[in-house]
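S.K.: See structure_19.cif below, with mmCIF, C-alpha atoms.
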data_work
loop_
_atom_site.label_atom_id
_atom_site.label_comp_id
_atom_site.auth_asym_id
_atom_site.auth_seq_id
_atom_site.Cartn_x
_atom_site.Cartn_y
_atom_site.Cartn_z
CA MET T 102 13.29 12.04 -52.07
CA PRO T 103 15.83 9.20 -51.53
CA GLU T 104 17.95 11.47 -49.29
CA LYS T 105 15.65 11.22 -46.23
CA PRO T 106 15.75 7.45 -45.69
CA LYS T 107 19.54 7.48 -46.15
CA LYS T 108 19.86 10.16 -43.50
CA SER T 109 17.56 8.22 -41.18
CA ILE T 110 19.51 4.99 -41.68
CA SER T 111 22.79 6.81 -41.14
CA SER T 112 21.61 8.39 -37.89
CA LEU T 113 20.32 5.01 -36.70
CA SER T 114 23.68 3.33 -37.36
CA GLU T 115 25.49 6.14 -35.54
CA ARG T 116 23.18 5.73 -32.56
CA ARG T 117 23.78 1.98 -32.52
CA LYS T 118 27.53 2.56 -32.48
CA ARG T 119 27.16 5.05 -29.64
CA PHE T 120 24.95 2.71 -27.61
CA ALA T 121 26.52 -0.59 -28.71
CA TRP T 122 26.53 -1.82 -25.10
CA LEU T 123 22.71 -1.64 -25.09
CA ILE T 124 22.20 -3.83 -28.17
CA PRO T 125 22.45 -7.19 -26.27
CA PHE T 126 19.73 -5.99 -23.86
CA ALA T 127 17.38 -5.24 -26.78
CA ASN T 128 17.20 -8.89 -27.85
CA LEU T 129 13.67 -10.11 -28.52
CA ARG T 130 14.49 -13.45 -26.85
CA ILE T 131 15.06 -11.58 -23.58
CA THR T 132 11.62 -9.98 -23.95
CA LEU T 133 9.92 -13.34 -24.49
CA THR T 134 11.84 -14.92 -21.59
CA LEU T 135 10.87 -12.11 -19.21
CA LEU T 136 7.22 -12.28 -20.30
CA SER T 137 7.27 -16.06 -19.74
CA PHE T 138 8.66 -15.60 -16.22
CA SER T 139 6.00 -12.93 -15.62
CA MET T 140 3.25 -15.44 -16.44
CA ILE T 141 4.84 -17.94 -14.06
CA LEU T 142 5.01 -15.24 -11.37
CA ILE T 143 1.32 -14.41 -11.78
CA PHE T 144 0.37 -18.12 -11.65
CA VAL T 145 2.41 -18.76 -8.49
CA ALA T 146 1.22 -15.58 -6.74
CA THR T 147 -2.41 -16.49 -7.53
CA LEU T 148 -1.93 -19.90 -5.89
CA GLU T 149 -0.24 -18.33 -2.85
CA GLN T 150 -3.18 -15.96 -2.27
CA VAL T 151 -5.05 -18.92 -0.78
CA ARG T 152 -2.32 -19.37 1.84
CA ILE T 153 -1.13 -15.85 2.65
CA GLY T 154 -3.84 -13.61 1.19
CA ILE T 155 -3.66 -10.92 -1.48
CA ARG T 156 -1.48 -8.55 0.53
CA GLY T 157 0.92 -11.31 1.51
CA ALA T 158 1.29 -12.54 -2.07
CA GLN T 159 1.80 -9.00 -3.29
CA ALA T 160 4.53 -8.33 -0.72
CA GLU T 161 6.22 -11.70 -1.18
CA PHE T 162 6.27 -11.94 -4.97
CA PHE T 163 5.47 -8.57 -6.59
CA GLU T 164 7.08 -6.07 -4.23
CA SER T 165 10.39 -7.92 -4.06
CA MET T 166 13.35 -8.99 -6.18
CA TYR T 167 12.47 -12.66 -5.70
CA GLY T 168 10.10 -14.89 -3.75
CA ILE T 169 10.37 -18.42 -2.37
CA TRP T 170 7.63 -20.82 -3.45
CA HIS T 171 6.89 -24.31 -2.13
CA TYR T 172 5.11 -26.72 -4.44
CA PRO T 173 1.58 -27.35 -3.02
CA GLU T 174 1.20 -30.63 -1.14
CA GLN T 175 -2.21 -31.29 -2.71
CA PHE T 176 -0.70 -31.30 -6.22
CA TRP T 177 0.67 -34.45 -7.85
CA GLY T 178 4.00 -35.32 -6.21
CA GLY T 179 3.45 -32.67 -3.54
CA GLU T 180 4.74 -34.79 -0.66
CA LEU T 181 8.16 -35.04 -2.33
CA LEU T 182 8.39 -31.58 -3.89
CA ASN T 183 6.84 -29.43 -1.15
CA PRO T 184 9.95 -29.28 1.10
CA LEU T 185 12.07 -27.93 -1.76
CA PRO T 186 12.29 -24.09 -1.83
CA ILE T 187 11.80 -22.83 -5.39
CA PRO T 188 13.04 -19.25 -6.08
CA ILE T 189 10.72 -17.21 -8.29
CA PRO T 190 11.85 -13.89 -9.88
CA GLY T 191 9.93 -11.07 -8.21
CA GLY T 192 7.99 -8.19 -9.67
CA TYR T 193 10.71 -5.60 -9.06
CA LEU T 194 13.32 -7.75 -10.81
CA LEU T 195 11.17 -8.66 -13.83
CA GLY T 196 9.73 -5.16 -14.11
CA GLY T 197 13.15 -3.53 -13.95
CA LEU T 198 14.60 -5.90 -16.57
CA LEU T 199 11.60 -5.37 -18.87
CA ILE T 200 12.05 -1.61 -18.62
CA LEU T 201 15.74 -1.98 -19.48
CA ASN T 202 14.89 -4.31 -22.39
CA LEU T 203 12.27 -1.95 -23.84
CA LEU T 204 14.46 1.14 -23.34
CA ALA T 205 17.33 -0.60 -25.11
CA ALA T 206 15.07 -1.50 -28.03
CA PHE T 207 13.62 2.01 -28.07
CA ILE T 208 17.07 3.65 -28.22
CA THR T 209 18.87 1.25 -30.58
CA ARG T 210 15.96 0.84 -33.01
CA PHE T 211 14.45 4.32 -32.72
CA GLN T 212 13.33 5.67 -36.11
CA TRP T 213 10.88 8.55 -36.44
CA THR T 214 9.75 7.49 -39.90
CA GLY T 215 6.17 7.03 -40.97
CA LYS T 216 6.63 3.29 -41.11
CA LYS T 217 8.12 2.98 -37.61
CA MET T 218 6.49 5.85 -35.70
CA GLY T 219 3.55 3.75 -34.45
CA ILE T 220 5.92 1.08 -33.11
CA GLN T 221 7.86 3.72 -31.18
CA PHE T 222 4.67 5.11 -29.62
CA ILE T 223 3.69 1.58 -28.55
CA HIS T 224 7.13 0.98 -27.02
CA LEU T 225 7.02 4.30 -25.20
CA GLY T 226 3.53 3.60 -23.84
CA ILE T 227 4.50 0.15 -22.53
CA ILE T 228 7.62 1.62 -20.89
CA MET T 229 5.45 4.23 -19.17
CA LEU T 230 3.04 1.51 -17.98
CA LEU T 231 5.88 -0.44 -16.36
CA VAL T 232 7.47 2.65 -14.83
CA GLY T 233 4.07 3.82 -13.57
CA GLN T 234 3.40 0.44 -11.93
CA LEU T 235 6.77 0.47 -10.16
CA ALA T 236 6.15 4.07 -9.04
CA THR T 237 2.70 3.13 -7.78
CA GLN T 238 4.02 0.22 -5.72
CA ALA T 239 6.76 2.44 -4.28
CA MET T 240 4.71 5.59 -3.54
CA GLN T 241 1.05 4.61 -3.19
CA GLU T 242 -0.36 4.89 0.33
CA GLU T 243 -3.63 3.32 1.47
CA SER T 244 -5.43 4.48 4.59
CA ARG T 245 -8.90 4.53 6.06
CA MET T 246 -11.09 7.10 7.75
CA GLN T 247 -13.93 5.96 10.01
CA ILE T 248 -16.45 8.68 10.88
CA ASN T 249 -19.52 8.50 13.09
CA LYS T 250 -22.63 10.34 11.98
CA GLY T 251 -22.46 13.97 13.07
CA GLU T 252 -18.73 13.67 13.75
CA SER T 253 -15.85 15.45 12.04
CA LYS T 254 -12.37 13.95 11.51
CA ASN T 255 -9.08 15.38 10.25
CA TYR T 256 -6.82 12.31 10.24
CA LEU T 257 -6.33 9.03 8.41
CA GLU T 258 -5.30 5.64 9.80
CA ARG T 259 -3.00 3.33 7.87
CA PHE T 260 -4.29 -0.16 7.06
CA HIS T 261 -0.87 -1.55 7.92
CA GLY T 262 1.59 -0.05 10.35
CA VAL T 263 1.32 1.21 13.93
CA GLU T 264 2.79 3.99 16.03
CA LEU T 265 3.45 4.41 19.74
CA ALA T 266 1.68 7.67 20.59
CA PHE T 267 2.31 9.76 23.72
CA ILE T 268 -0.50 12.27 24.30
CA ASP T 269 -0.29 15.25 26.67
CA VAL T 270 -3.84 15.93 27.91
CA THR T 271 -2.97 18.30 30.78
CA ASP T 272 -4.65 21.18 28.94
CA ALA T 273 -8.36 20.41 28.56
CA GLN T 274 -8.58 22.49 25.38
CA THR T 275 -5.73 21.00 23.35
CA GLU T 276 -3.77 17.78 23.02
CA ARG T 277 -0.10 17.45 22.18
CA VAL T 278 0.91 14.21 20.46
CA VAL T 279 4.39 12.75 19.99
CA ALA T 280 4.46 9.47 18.06
CA LEU T 281 7.18 6.91 17.38
CA PRO T 282 6.53 5.26 13.96
CA GLU T 283 6.77 1.53 13.36
CA ALA T 284 10.20 1.85 11.73
CA LEU T 285 11.66 3.13 15.02
CA LEU T 286 9.83 0.46 17.02
CA GLU T 287 11.29 -2.26 14.79
CA GLN T 288 14.73 -0.69 15.19
CA GLY T 289 14.47 -0.76 18.98
CA GLY T 290 16.93 1.01 21.24
CA LEU T 291 16.69 4.37 22.99
CA HIS T 292 14.65 7.23 21.54
CA TYR T 293 14.04 10.72 22.84
CA SER T 294 12.39 13.95 21.72
CA GLU T 295 12.49 17.54 22.95
CA ASP T 296 8.69 17.37 23.23
CA LEU T 297 8.77 14.42 25.64
CA PRO T 298 9.70 14.76 29.34
CA PHE T 299 11.19 11.25 29.30
CA LYS T 300 13.21 8.92 27.09
CA VAL T 301 11.77 5.76 25.55
CA ARG T 302 13.73 2.52 25.31
CA VAL T 303 12.01 0.00 23.03
CA LEU T 304 12.65 -3.49 24.39
CA ASP T 305 10.49 -5.63 22.09
CA PHE T 306 8.12 -5.15 19.18
CA GLY T 307 6.06 -7.47 17.00
CA PRO T 308 3.43 -7.00 14.27
CA ASN T 309 1.09 -9.62 15.74
CA CYS T 310 0.49 -11.54 18.95
CA GLU T 311 -1.87 -13.60 21.06
CA PHE T 312 -2.68 -12.53 24.60
CA ASN T 313 -4.68 -13.72 27.58
CA SER T 314 -5.23 -12.76 31.19
CA LEU T 315 -3.54 -15.04 33.73
CA PRO T 316 -4.71 -15.84 37.27
CA PRO T 317 -3.12 -13.53 39.88
CA ALA T 318 -0.88 -16.33 41.18
CA ASN T 319 0.67 -16.96 37.76
CA LYS T 320 3.50 -14.86 36.38
CA ALA T 321 3.58 -13.83 32.74
CA LYS T 322 6.30 -15.22 30.51
CA GLY T 323 7.76 -14.05 27.25
CA PRO T 324 7.85 -10.34 26.26
CA THR T 325 5.71 -9.20 29.22
CA ALA T 326 7.70 -10.99 31.92
CA GLY T 327 9.45 -7.78 32.99
CA VAL T 328 6.46 -5.40 32.68
CA ASN T 329 5.77 -3.67 36.01
CA ARG T 330 3.57 -0.70 35.05
CA GLY T 331 0.34 -0.08 33.14
CA VAL T 332 -2.62 -2.19 32.07
CA ILE T 333 -0.58 -5.23 31.01
CA GLN T 334 0.76 -5.52 34.57
CA SER T 335 -2.52 -4.77 36.39
CA ALA T 336 -4.53 -7.19 34.21
CA ASN T 337 -1.67 -9.76 34.35
CA LEU T 338 -1.70 -10.17 30.55
CA GLU T 339 0.67 -12.55 28.84
CA ILE T 340 1.70 -11.78 25.25
CA ARG T 341 2.81 -14.51 22.87
CA PRO T 342 4.30 -13.29 19.57
CA LYS T 343 2.98 -14.82 16.35
CA PRO T 344 3.67 -14.25 12.63
CA GLU T 345 1.82 -11.45 10.87
CA ASP T 346 -1.41 -12.64 9.23
CA PHE T 347 -1.49 -11.53 5.58
CA SER T 348 -4.87 -13.08 4.74
CA SER T 349 -7.74 -10.85 3.64
CA GLU T 350 -9.58 -11.45 6.94
CA GLY T 351 -6.49 -11.42 9.13
CA MET T 352 -6.51 -9.52 12.45
CA ASN T 353 -3.04 -8.39 13.54
CA PHE T 354 -2.58 -7.23 17.12
CA GLY T 355 0.75 -5.42 17.16
CA TYR T 356 2.53 -5.10 20.50
CA VAL T 357 5.43 -3.20 22.00
CA VAL T 358 7.32 -3.42 25.30
CA PHE T 359 9.18 -0.27 26.38
CA GLU T 360 10.87 1.35 29.33
CA LEU T 361 10.51 5.03 30.26
CA LEU T 362 13.54 6.88 31.61
CA ASP T 363 13.68 10.17 33.50
CA GLY T 364 17.32 10.97 32.87
CA ALA T 365 19.14 7.83 33.98
CA GLU T 366 16.38 6.75 36.38
CA SER T 367 13.84 4.17 35.23
CA MET T 368 10.15 5.09 35.47
CA GLY T 369 9.10 1.48 34.86
CA THR T 370 8.50 -0.95 32.02
CA TRP T 371 5.25 -0.80 30.07
CA ALA T 372 3.59 -2.70 27.24
CA ALA T 373 0.86 -1.81 24.78
CA ILE T 374 -1.25 -3.70 22.22
CA SER T 375 -2.87 -2.23 19.12
CA HIS T 376 -6.37 -3.32 18.11
CA PRO T 377 -6.69 -3.58 14.29
CA ALA T 378 -10.21 -2.12 14.34
CA GLY T 379 -9.30 0.78 16.64
CA ASN T 380 -8.38 0.94 20.31
CA HIS T 381 -11.87 2.07 21.32
CA TRP T 382 -12.83 -1.62 21.02
CA TRP T 383 -10.75 -2.65 24.05
CA ALA T 384 -13.36 -1.55 26.59
CA GLN T 385 -16.02 -3.62 24.82
CA ILE T 386 -13.82 -6.75 24.80
CA ASN T 387 -12.79 -6.55 28.45
CA PRO T 388 -13.28 -3.65 30.91
CA LYS T 389 -9.88 -4.39 32.45
CA MET T 390 -8.27 -3.77 29.05
CA GLY T 391 -10.12 -0.53 28.36
CA ASP T 392 -7.13 1.58 29.39
CA LEU T 393 -5.07 0.12 26.54
CA ALA T 394 -6.59 2.98 24.56
CA PHE T 395 -5.00 5.45 27.03
CA GLN T 396 -2.56 4.34 29.72
CA PRO T 397 -2.00 7.33 32.03
CA ILE T 398 1.52 8.53 32.90
CA ARG T 399 1.96 11.34 35.45
CA THR T 400 5.27 13.16 35.48
CA ASN T 401 6.44 16.67 36.39
CA GLY T 402 2.90 17.81 37.17
CA ARG T 403 1.57 16.85 33.73
CA LEU T 404 -0.70 14.01 32.58
CA TRP T 405 0.35 11.98 29.59
CA GLY T 406 -1.26 8.95 28.01
CA VAL T 407 0.37 6.25 25.89
CA THR T 408 -1.23 3.94 23.33
CA LEU T 409 -0.16 1.75 20.42
CA ARG T 410 -2.49 2.57 17.56
CA PRO T 411 -2.70 2.45 13.74
CA GLU T 412 -0.32 4.99 12.23
CA ARG T 413 -2.06 8.32 11.63
CA GLU T 414 -1.73 11.08 9.06
CA TYR T 415 -3.22 14.42 10.04
CA LEU T 416 -4.85 16.51 7.30
CA PRO T 417 -5.12 20.29 6.85
CA TYR T 418 -8.87 19.83 6.41
CA SER T 419 -11.65 17.80 8.02
CA ILE T 420 -14.59 15.74 6.83
CA GLU T 421 -17.95 15.79 8.60
CA LEU T 422 -20.46 12.98 8.10
CA ILE T 423 -24.00 14.33 7.63
CA GLY T 424 -25.85 11.14 6.78
CA ILE T 425 -25.52 7.64 5.31
CA ALA T 426 -27.75 5.39 3.23
CA ASN T 427 -27.51 1.91 1.77
CA GLU T 428 -29.70 0.10 -0.73
CA PHE T 429 -30.12 -3.63 -1.24
CA TYR T 430 -31.27 -5.78 -4.11
CA GLN T 431 -34.97 -6.46 -3.65
CA GLY T 432 -35.67 -9.50 -1.49
CA THR T 433 -32.01 -9.98 -0.51
CA ASP T 434 -29.47 -8.60 1.94
CA ILE T 435 -26.95 -8.02 -0.87
CA PRO T 436 -26.09 -4.31 -1.11
CA PHE T 437 -25.82 -2.58 -4.47
CA ASN T 438 -25.17 0.95 -3.22
CA PHE T 439 -23.56 2.65 -0.23
CA GLU T 440 -23.51 6.41 -0.03
CA SER T 441 -22.32 8.98 2.47
CA GLU T 442 -23.28 12.65 2.53
CA ILE T 443 -20.33 14.65 3.82
CA VAL T 444 -19.15 18.22 4.28
CA LEU T 445 -15.53 18.97 3.42
CA ASN T 446 -14.31 21.73 5.76
CA MET T 447 -11.27 23.48 4.31
CA GLU T 448 -9.09 26.41 5.27
CA LYS T 449 -10.39 29.99 5.45
CA ASN T 450 -13.82 28.71 6.58
CA GLN T 451 -14.51 27.29 3.13
CA SER T 452 -16.62 24.15 2.81
CA ARG T 453 -18.48 22.12 0.25
CA ARG T 454 -20.98 19.28 0.35
CA ALA T 455 -20.37 16.04 -1.51
CA LEU T 456 -21.96 12.63 -1.96
CA VAL T 457 -19.55 9.71 -1.85
CA TYR T 458 -20.86 6.41 -3.14
CA MET T 459 -19.71 3.27 -4.95
CA ASN T 460 -17.51 4.10 -7.98
CA THR T 461 -17.90 7.82 -7.30
CA PRO T 462 -15.14 8.88 -4.88
CA LEU T 463 -14.19 12.24 -3.44
CA ARG T 464 -10.89 13.66 -4.74
CA HIS T 465 -9.12 16.40 -2.79
CA GLU T 466 -5.47 17.51 -2.59
CA GLY T 467 -4.03 14.38 -4.18
CA LYS T 468 -6.12 11.93 -2.12
CA THR T 469 -9.09 9.85 -3.27
CA PHE T 470 -11.79 8.87 -0.75
CA TYR T 471 -13.67 5.70 -1.76
CA GLN T 472 -16.78 4.38 -0.04
CA TYR T 473 -15.37 1.29 1.66
CA GLN T 474 -17.62 0.09 4.49
CA MET T 475 -20.76 1.22 6.28
CA ASN T 476 -22.78 0.31 9.34
CA LYS T 477 -26.27 1.78 9.16
CA SER T 478 -27.33 0.56 12.60
CA ALA T 479 -24.22 2.00 14.28
CA ASP T 480 -24.35 5.16 12.14
CA TYR T 481 -20.77 5.22 10.91
CA THR T 482 -19.03 5.00 7.55
CA VAL T 483 -15.51 4.02 6.51
CA PHE T 484 -13.63 5.54 3.59
CA GLN T 485 -10.66 3.91 1.91
CA VAL T 486 -8.22 6.72 1.15
CA VAL T 487 -5.63 6.29 -1.59
CA ARG T 488 -2.74 8.61 -2.38
CA ASN T 489 -1.08 7.75 -5.68
CA PRO T 490 1.06 10.52 -7.22
CA SER T 491 1.49 8.49 -10.42
CA TRP T 492 -2.20 7.82 -11.05
CA LEU T 493 -2.17 9.69 -14.36
CA VAL T 494 0.73 7.70 -15.84
CA PRO T 495 -1.36 4.61 -16.88
CA TYR T 496 -3.87 6.87 -18.67
CA ILE T 497 -1.10 8.65 -20.60
CA ALA T 498 0.53 5.31 -21.40
CA CYS T 499 -2.73 3.86 -22.74
CA ILE T 500 -3.25 6.95 -24.90
CA LEU T 501 0.26 6.56 -26.37
CA VAL T 502 -0.29 2.86 -27.09
CA SER T 503 -3.66 3.65 -28.71
CA ILE T 504 -2.10 6.36 -30.87
CA GLY T 505 0.69 3.96 -31.87
CA LEU T 506 -1.73 1.18 -32.83
CA LEU T 507 -4.00 3.60 -34.70
CA TRP T 508 -1.04 5.11 -36.55
CA GLN T 509 0.44 1.72 -37.46
CA PHE T 510 -2.80 0.25 -38.76
CA SER T 511 -3.74 3.45 -40.60
CA PHE T 512 -0.30 3.79 -42.20
CA HIS T 513 -0.32 0.25 -43.57
CA LEU T 514 -3.98 0.51 -44.59
CA VAL T 515 -3.28 3.67 -46.60
CA ARG T 516 -0.25 2.06 -48.26
CA PHE T 517 -2.33 -1.02 -49.08
CA LEU T 518 -5.14 1.06 -50.57
CA ASN T 519 -2.72 3.20 -52.59
CA LYS T 520 -0.95 0.07 -53.88
CA ASN T 521 -4.24 -1.50 -54.95
CA SER T 522 -5.38 1.77 -56.52
CA GLY T 523 -2.12 1.99 -58.53
CA ALA T 524 -2.44 -1.64 -59.64
CA ASN T 525 -6.03 -1.05 -60.79
CA ARG T 526 -5.01 2.01 -62.82
CA ALA T 527 -2.17 0.05 -64.42
CA THR T 528 -4.60 -2.72 -65.39
CA VAL T 529 -7.00 -0.24 -66.96
#
If you took the structure in this file and wrote it as C-alpha cells, what would it be?
M.R.:
Amino acid sequence: MPEKPKKSISSLSERRKRFAWLIPFANLRITLTLLSFSMILIFVATLEQVRIGIRGAQAEFFESMYGIWHYPEQFWGGELLNPLPIPIPGGYLLGGLLILNLLAAFITRFQWTGKKMGIQFIHLGIIMLLVGQLATQAMQEESRMQINKGESKNYLERFHGVELAFIDVTDAQTERVVALPEALLEQGGLHYSEDLPFKVRVLDFGPNCEFNSLPPANKAKGPTAGVNRGVIQSANLEIRPKPEDFSSEGMNFGYVVFELLDGAESMGTWAAISHPAGNHWWAQINPKMGDLAFQPIRTNGRLWGVTLRPEREYLPYSIELIGIANEFYQGTDIPFNFESEIVLNMEKNQSRRALVYMNTPLRHEGKTFYQYQMNKSADYTVFQVVRNPSWLVPYIACILVSIGLLWQFSFHLVRFLNKNSGANRATV
C-alpha cells in the first residue's frame, strides 16, 4: 500500500524538474493579482458603458490587450484627475495570463490521487471556461435577419460592418453581386475583380458621418468635394466624418468615396452612404436620396447598381415568415411574448415549420435564430442570429467543475465519516 503514494510523489517531482520554468507562473500570488485586476477591469468597463455603450466598452476593455481610462469628472477630484490617461489591463491580456497561470499550476501540481482529483477537475474546468470565452470573443458572429410577412429571405446582415456591393441587374431573372468588404474599404487603394467590368479605387471611408443637402449654389467640402457622379452629386450632399457611436442606441451612417476606372480612363467619382436600418429607408427620408439604395451604372451594354449596405452572409437555405404575434401584460403596453411562425426551406425541397419566440430560438447548421424585434403593424419580424462554434465549451467546463466540487466534498466527507466511525469503535 505505501508504494503508490511514493510513486505518485516521485512522478510529481520528475514533472516539476521537467517543467521547472513553469513553476514561477504557478504562484498563487499571481492568481490573486490577476483576479484583482479583473475586478478593476469589470468596474471600469461598467462605468464606461454610460459613455460609450456596451459594445464600445467591450471593444475597448475586454477585446483588447489594454484600455485607456479617464477618471470621471463627476467623481471627487475629477477636475484634476480626468485629463490623466490611466492604462487598464484588457481582457485578452488578463485572460491569457490567467490561462497560463492555471495551466502552470495544473501541470506542476498535477496528481491523479483521490485526495487531489477533485482539485484537478476544478482547475481543468476553469481553464476551459477561460479558453471558451476567448474563443467566443474571437469567433462569435452576430447578425440579424429582417423578414416581412409572406416574404422569404436567404441572407443575414451584420450588426456592425458594411460592404460596397456592385449588383448586375441586366438579366431580369438573376442578379450577380460583387462586394468589397469593410476591411478592403478601410485599406483603401485600387481593387479589381474578374467579375467586374471596371476597377474600384477607394478614396475615403469612414464608419460614421453626418450629411446634409446644400443649396445648388454651394459646393460641398470635405470627402465629397470631388464627387461628380451619382446621388451625392445630384442631391449636392455634403458628408462630414464623425467618430463611430458605440452607444446602445447609436446610429452609424458609414460612407465611402470611390472612383471607377475603365482601364486607365476614369468613369467618375462616386460616394455612397449606408443606412443602419437598411437602405430601403432612404426613399422615406428624402426622395432625392432614394437612389442611395441603388445607384445605376451603365457600362458595356450592361446595367449595374452600387450601394453601401450592411455586410451580408448568404445562406444555403431560406426562412419564410408565415405569421407573427405579440402579447402584452394586461392593462399595459409592456410585451411579455413575441413569436414568429416560420417555414425553414432547405435543400432537396425539404422544409419544416417552427415557432420562434422569447427564450426558444431556432437552431440550424451552427446558427441560432433568436426573436429580437417585431413590428405587428408593419408585419415584419427581426431575428438576432448568433454563430458561436464554441458554445458547448462553457457547458462542458461547468460539468467538470461540478464533478470536481462533488468529488472533493464527497472524498473528504467519506474520510471524515470513516475517521469518526473508527474513533467510536475504539471508544467502545
S.K.: Please enumerate the residues selected by the PyMOL selection byres ((chain T and resi 440) around 7) when evaluated against the supplied file, formatted as a PyMOL selection string.
M.R.: chain T and resi 425-427+438-439+441-442+456-459
S.K.: For the provided coordinates, the residues matched by the PyMOL selection byres ((chain T and resi 198) around 12) should be stated as a PyMOL selection string.
M.R.: chain T and resi 126-128+131-136+138-139+166+190-197+199-205+228+231-232+235
S.K.: Keeping only C-alpha atoms, write the selected residues to a file as a CSV table (one decimal), in the frame of the given file.
M.R.:
chain,number,residue,atom,x,y,z
T,126,PHE,CA,19.7,-6.0,-23.9
T,127,ALA,CA,17.4,-5.2,-26.8
T,128,ASN,CA,17.2,-8.9,-27.8
T,131,ILE,CA,15.1,-11.6,-23.6
T,132,THR,CA,11.6,-10.0,-24.0
T,133,LEU,CA,9.9,-13.3,-24.5
T,134,THR,CA,11.8,-14.9,-21.6
T,135,LEU,CA,10.9,-12.1,-19.2
T,136,LEU,CA,7.2,-12.3,-20.3
T,138,PHE,CA,8.7,-15.6,-16.2
T,139,SER,CA,6.0,-12.9,-15.6
T,166,MET,CA,13.4,-9.0,-6.2
T,190,PRO,CA,11.8,-13.9,-9.9
T,191,GLY,CA,9.9,-11.1,-8.2
T,192,GLY,CA,8.0,-8.2,-9.7
T,193,TYR,CA,10.7,-5.6,-9.1
T,194,LEU,CA,13.3,-7.8,-10.8
T,195,LEU,CA,11.2,-8.7,-13.8
T,196,GLY,CA,9.7,-5.2,-14.1
T,197,GLY,CA,13.2,-3.5,-14.0
T,199,LEU,CA,11.6,-5.4,-18.9
T,200,ILE,CA,12.0,-1.6,-18.6
T,201,LEU,CA,15.7,-2.0,-19.5
T,202,ASN,CA,14.9,-4.3,-22.4
T,203,LEU,CA,12.3,-2.0,-23.8
T,204,LEU,CA,14.5,1.1,-23.3
T,205,ALA,CA,17.3,-0.6,-25.1
T,228,ILE,CA,7.6,1.6,-20.9
T,231,LEU,CA,5.9,-0.4,-16.4
T,232,VAL,CA,7.5,2.6,-14.8
T,235,LEU,CA,6.8,0.5,-10.2
S.K.: Considering only C-alpha atoms, return as a PyMOL selection string whatever protein or nucleic-acid residues lie within 9 Å of region 366-372 of chain T, sequence-local ones (same chain, fewer than 3 positions apart) excluded.
M.R.: chain T and resi 299+324-325+327-334+356-363+409
S.K.: Would you mind telling me which residue in T:Gly154, T:Phe267, T:Arg130, T:Leu463 lies nearest to Asp346 (chain T) when using only C-alpha atoms?
M.R.: T:Gly154
S.K.: Have a look at CA of Ala321 (chain T) and CA of Asp305 (chain T) and let me know their distance in Å, one decimal.
M.R.: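 Atom-to-atom, CA of Ala321 (chain T) to CA of Asp305 (chain T), that is 15.1 Å.
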S.K.: When distances are computed from all atoms listed in the file, which of T:Glu311, T:Pro490, T:Leu257, T:Arg277 shows the smallest separation from Asp296 (chain T)?
M.R.: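 Result for the nearest residue to Asp296 (chain T): T:Arg277.
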S.K.: Could you check how far CA of Glu448 (chain T) sits from CA of Tyr418 (chain T), in Å to one decimal?
M.R.: 6.7 Å
S.K.: Please report the interatomic distance between CA of Glu412 (chain T) and CA of Met240 (chain T) in Å with one decimal.
M.R.: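 Atom-to-atom, CA of Glu412 (chain T) to CA of Met240 (chain T), that is 16.6 Å.
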S.K.: Counting only C-alpha atoms, figure out which residue out of T:His261, T:Arg464, T:Val278, T:Val515 gets nearest to Gly157 (chain T).
M.R.: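 Answer, going by the shortest atom-to-atom distance: T:His261.
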S.K.: Around (-1.2, -5.7, 17.7) in the file's frame, which residues reach within 6 Å when counting all atoms listed in the file? Return as an mmCIF file with C-alpha atoms, in the coordinates of the input?
M.R.:
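File selection-v8.cif, as written:
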data_model
loop_
_atom_site.group_PDB
_atom_site.id
_atom_site.type_symbol
_atom_site.label_atom_id
_atom_site.label_comp_id
_atom_site.auth_asym_id
_atom_site.auth_seq_id
_atom_site.Cartn_x
_atom_site.Cartn_y
_atom_site.Cartn_z
ATOM 1 C CA PRO T 308 3.430 -7.000 14.270
ATOM 2 C CA ASN T 309 1.090 -9.620 15.740
ATOM 3 C CA ASN T 353 -3.040 -8.390 13.540
ATOM 4 C CA PHE T 354 -2.580 -7.230 17.120
ATOM 5 C CA GLY T 355 0.750 -5.420 17.160
ATOM 6 C CA TYR T 356 2.530 -5.100 20.500
ATOM 7 C CA ILE T 374 -1.250 -3.700 22.220
ATOM 8 C CA SER T 375 -2.870 -2.230 19.120
ATOM 9 C CA HIS T 376 -6.370 -3.320 18.110
#
S.K.: Which residues are near Pro188 (chain T)? Cut-off 8 Å, all atoms listed in the file, ignore same chain within fewer than 3 positions. Put them as number ranges by chain.
M.R.: T: 167-170
S.K.: May I have the selected residues written with C-alpha atoms, as a PDB file, in the coordinates of the input?
M.R.:
ATOM      1  CA  TYR T 167      12.470 -12.660  -5.700  1.00  0.00           C
ATOM      2  CA  GLY T 168      10.100 -14.890  -3.750  1.00  0.00           C
ATOM      3  CA  ILE T 169      10.370 -18.420  -2.370  1.00  0.00           C
ATOM      4  CA  TRP T 170       7.630 -20.820  -3.450  1.00  0.00           C
TER       5      TRP T 170
END
